[in-house]
Structure formats: C-alpha cells, structure tokens
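A.B. asks: Questions regarding the structure given below will be posed in turn.
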Amino acid sequence: MKPLNKIGIFLDLSETDEFLLRYFKKLDDVFNFHSLTLVHFVALENDSADLVHLTEQLPKPLEEILEDEVLELVEKVFGEKKSSIHVKIAWGGKLDTLIKWVDAEQFNLVVLGKKEKQNGTGVFSSKVIRLTDSDCLFVPENSKTEFQSIVLGLDFSDYSEKVISRGLRLSNNLSSKLIPVHILKAGFQYFPYFKNQEKFQKSLRTKAESSYRKIQKKTGVQEELICVEDSENHISKSLYETALSHQANLIIMGNKGISDEDDLLVGSVTDRMISADRKIPVLIVKSD
C-alpha cells in the first residue's frame, strides 16, 4: 500500500474548515506530508448569470479572493504557509469533472468534513466519497483530535489486508492501539426458528479466527481479533457501537464488503457509516 504523502482536503469556506485543518495538522506534525492541496469547489457554472453578476461587484477576481481566504486560514492554523501546501479553486459546477481531476492527481488520501448541525454527510461530501478512487477520511465536526485507539473493521474481503496495512502504518507513527473487529452476521432475524444458534455463532467465530490468523501471517498484526455476535443490528451499527465501547478515535474499513456487488460504488456498510449521524472519523480504504 502506498504511503500517505499526497493529501487533498476539501474546504467549503465555513467555520468547519478551521476544525478540519486543526484536526489534520496533528497528522501533519507526525507525518510531515510531502504535499497538501486545499480544494474549494465552486458549484456555480462559469458562465452562470449569478457568477457574472457577482464578479462584476468584486474589486479583484473571485478566484484570488477565495484563495486569499484559504491562505489566511492556513496561516492561522499552521503558523505560516508551508511550501508543501497548495490551493485549488475548482470551477465549473460539475462534480464529475472535479472527481476526474482528483483521481488524476492521485492523492493518497482525500479528507472531507461534516458539519455538526447538518443531517447526513451532506450531498457533496457523500458523492465525493462514493465516486473517487482515493482513500477517504471522513471527519465529523468536533471529533476528538486524538489517535489513541483505532478500530479495524474486518470482514475478510479483499480489502481486509489493506485495512490492516493502513492501520499498522498509522499505529506505528501515532503510537495508537489497534482494535481488529469482525461482526459475526448470522441473519437469525430472517430465520427466527433457527436451531442451535449458539453452535452456529461458534462456527462463524471459528471461521473468522482462522481467516484472521492467515492475515496475521501476511501482515504481522499482533492484536487479538474481537468477534461481535449477531445482535440483529446492521453491521454498520454493530461496528460503530463496538468502536464507541472501546473509545476508539478512528475507524478504518474497506470500501466494499465481501457480499457487495462489484459494480457498487461503495458497499452497504460503508454507505451507512458515512450517511449516519456519527461522531467517530472513518477512513475508507479503496482499491489500489
């Protein structure tokens, strides 16, 4: 897996931007990223009447004004503008064009925030996470800017080794405790008269532990696997509640699970993790 060297952070010129940059500065203090691009997306079309009218009232080009606002915030958070920090004002109002640019930049990580008083993720952040090929870090506003405990959501799909590799690199640099978690999904709610539920749960646990031992040999991860029994909750809820119970500061998970169709942009668990009103940041690992 590629190291985290080239980062893109989406800003919307709201109060959330300062929190997002302060959150990320703690990571930059440790990793000293090679390149950090701050992206602001202008949803208006270039030739829209609203944009034309707006620019006529301004003392200088709108792009310069927006860039100046971003750079002022950079100086406030970082102390001074680092040569590795760049600003990108994306024009045109077309998200698909923006995503093509993001993927062409080959960011190792794209960072997006969520306002505390906003229901859901917000259409923009949600679409970016779903469409880009880059790994995505989704940070709810006022999340703890700490990294003591990191939950690894494992389902033993093709993404699990990548989730562990990303977790190990973060853990080694941030001195974080890793908490590998697997949700045993038996589906008893669909078969209420299923006999020997306890025996079936045990067989699922045995299978998961066997799969985990194989991954341990490949990745070198040492921590014991936590298996959470089927409580008839959606996997996303069980994973989140487990992270809360262990006071985790970050959840790392794959883009899609073992049961998701190949043509899905994101899997059902990932979709719920970025759509629900949750307080723990989520790092979504995409395919290389």
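Quick note on naming: the chains in the structure tokens go A, B, ... in the order shown, residues restart at 1 in each chain, and ligands are numbered from 1 in order of appearance.
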Which of segment 117-246 of chain A end up as strand (DSSP E or B) when DSSP is run on this backbone - answer as a list of chain:residue names?

C.D. replies: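 After running DSSP on the backbone, segment 117-246 of chain A has strand (DSSP E or B) at A:Cys136, A:Leu137, A:Phe138, A:Val139, A:Pro140, A:Ser149, A:Ile150, A:Val151, A:Leu152, A:Gly153, A:Lys177, A:Leu178, A:Ile179, A:Pro180, A:Val181, A:His182, A:Ile183, A:Ile226, A:Cys227, A:Val228.
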
A.B. asks: Need the shell around Gly79 of chain A: protein/DNA/RNA residues with any atom at most 12 Å away, counting only C-alpha atoms. Skip same-chain ones fewer than 6 positions apart. Format as a count of residues only?

C.D. replies: 6

A.B. asks: If you run DSSP on the backbone, which residues of segment 95-214 of chain A are helix (DSSP H, G or I), as JSON, numbers by chain?

C.D. replies: {"A": [95, 96, 97, 98, 99, 100, 101, 102, 103, 104, 105, 123, 124, 125, 126, 127, 128, 129, 130, 131, 160, 161, 162, 163, 164, 165, 166, 167, 168, 169, 170, 171, 172, 173, 174, 188, 189, 190, 197, 198, 199, 200, 201, 202, 203, 204, 205, 206, 207, 208, 209, 210, 211, 212, 213, 214]}

A.B. asks: His182 of chain A: which residues within 9 Å, counting only C-alpha atoms, same-chain residues fewer than 4 positions away excluded, as a PyMOL selection string?

C.D. replies: chain A and resi 152-156+205+208+225-229+239

A.B. asks: Once you have the residues from the selection above, write them out as a PDB file, in the first residue's frame, restricted to C-alpha atoms.

C.D. replies:
ATOM      1  CA  LEU A 152     -10.036  -2.013  12.106  1.00  0.00           C
ATOM      2  CA  GLY A 153     -13.324  -3.182  10.586  1.00  0.00           C
ATOM      3  CA  LEU A 154     -12.536  -6.584   9.073  1.00  0.00           C
ATOM      4  CA  ASP A 155     -14.863  -8.793   7.036  1.00  0.00           C
ATOM      5  CA  PHE A 156     -12.105 -10.819   5.321  1.00  0.00           C
ATOM      6  CA  ARG A 205     -16.318 -17.265  15.114  1.00  0.00           C
ATOM      7  CA  ALA A 208     -13.305 -15.752  11.331  1.00  0.00           C
ATOM      8  CA  LEU A 225      -9.385 -10.252  16.979  1.00  0.00           C
ATOM      9  CA  ILE A 226     -12.638  -9.139  18.618  1.00  0.00           C
ATOM     10  CA  CYS A 227     -15.647 -11.013  17.252  1.00  0.00           C
ATOM     11  CA  VAL A 228     -19.029  -9.386  17.904  1.00  0.00           C
ATOM     12  CA  GLU A 229     -22.014 -11.738  17.834  1.00  0.00           C
ATOM     13  CA  LEU A 239     -19.217  -1.815  14.271  1.00  0.00           C
TER      14      LEU A 239
END

A.B. asks: Can you tell me how far atom CA of Lys217 of chain A sits from atom CA of Ile179 of chain A, in Å to one decimal?

C.D. replies: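 A separation of 17.1 Å between them.
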
A.B. asks: Would you kindly return, as a compact mmCIF listing (two decimals) with N, CA and C atoms, in the first residue's frame, each protein, DNA or RNA residue with an atom no farther than 9 Å from any atom of Leu4 of chain A, considering only C-alpha atoms and excluding same-chain residues fewer than 2 positions away?

C.D. replies:
# COMPACT_ATOMS: atom_id res chain seq x y z
N LYS A 2 0.48 2.25 -0.83
CA LYS A 2 1.26 3.47 -0.95
C LYS A 2 1.24 4.27 0.35
N LYS A 6 0.68 12.39 -0.38
CA LYS A 6 -0.01 13.43 -1.15
C LYS A 6 -1.48 13.47 -0.72
N ILE A 7 -1.88 14.60 -0.12
CA ILE A 7 -3.18 14.70 0.52
C ILE A 7 -4.01 15.81 -0.11
N PHE A 31 3.54 13.09 10.33
CA PHE A 31 3.93 12.51 9.04
C PHE A 31 4.71 13.48 8.16
N PHE A 33 3.68 15.55 5.65
CA PHE A 33 3.28 15.15 4.30
C PHE A 33 4.02 15.95 3.23
N HIS A 34 4.33 15.29 2.13
CA HIS A 34 5.06 15.93 1.04
C HIS A 34 4.24 17.03 0.38
N PHE A 107 -4.16 11.46 -5.34
CA PHE A 107 -3.99 11.69 -3.91
C PHE A 107 -3.95 10.35 -3.18
N ASN A 108 -3.08 10.25 -2.19
CA ASN A 108 -3.08 9.06 -1.34
C ASN A 108 -4.25 9.08 -0.36
N LEU A 109 -4.76 10.29 -0.09
CA LEU A 109 -5.87 10.43 0.84
C LEU A 109 -6.63 11.71 0.53

A.B. asks: Considering only C-alpha atoms, tabulate each residue of segment 125-212 of chain A that lies at most 9 Å from segment 93-106 of chain A along with its nearest interatomic pair and the corresponding distance in Å to one decimal; arrange the rows by chain and ascending residue number and present them as CSV.

C.D. replies:
residue,atom,partner,partner_atom,distance
A:Lys127,CA,A:Leu95,CA,8.4
A:Val128,CA,A:Ile99,CA,7.0
A:Leu131,CA,A:Ile99,CA,7.0
A:Thr132,CA,A:Ile99,CA,6.0
A:Asp133,CA,A:Asp103,CA,6.2
A:Ser134,CA,A:Asp103,CA,6.8

A.B. asks: One decimal, Å: what's the distance from atom CA of Val285 of chain A over to atom CA of Leu112 of chain A, could you say?

C.D. replies: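 Pair atom CA of Val285 of chain A / atom CA of Leu112 of chain A returns 14.1 Å.
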
A.B. asks: Which neighbours of segment 243-245 of chain A fall inside 9 Å, counting only C-alpha atoms, when residues of the same chain fewer than 6 positions from it are skipped, and could you give them as a list in words?

C.D. replies: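 So, after excluding close chain neighbours, the residues are Ser149, Ile150, Val151, Ile179, Val181, Ile251 and Ile280 of chain A.
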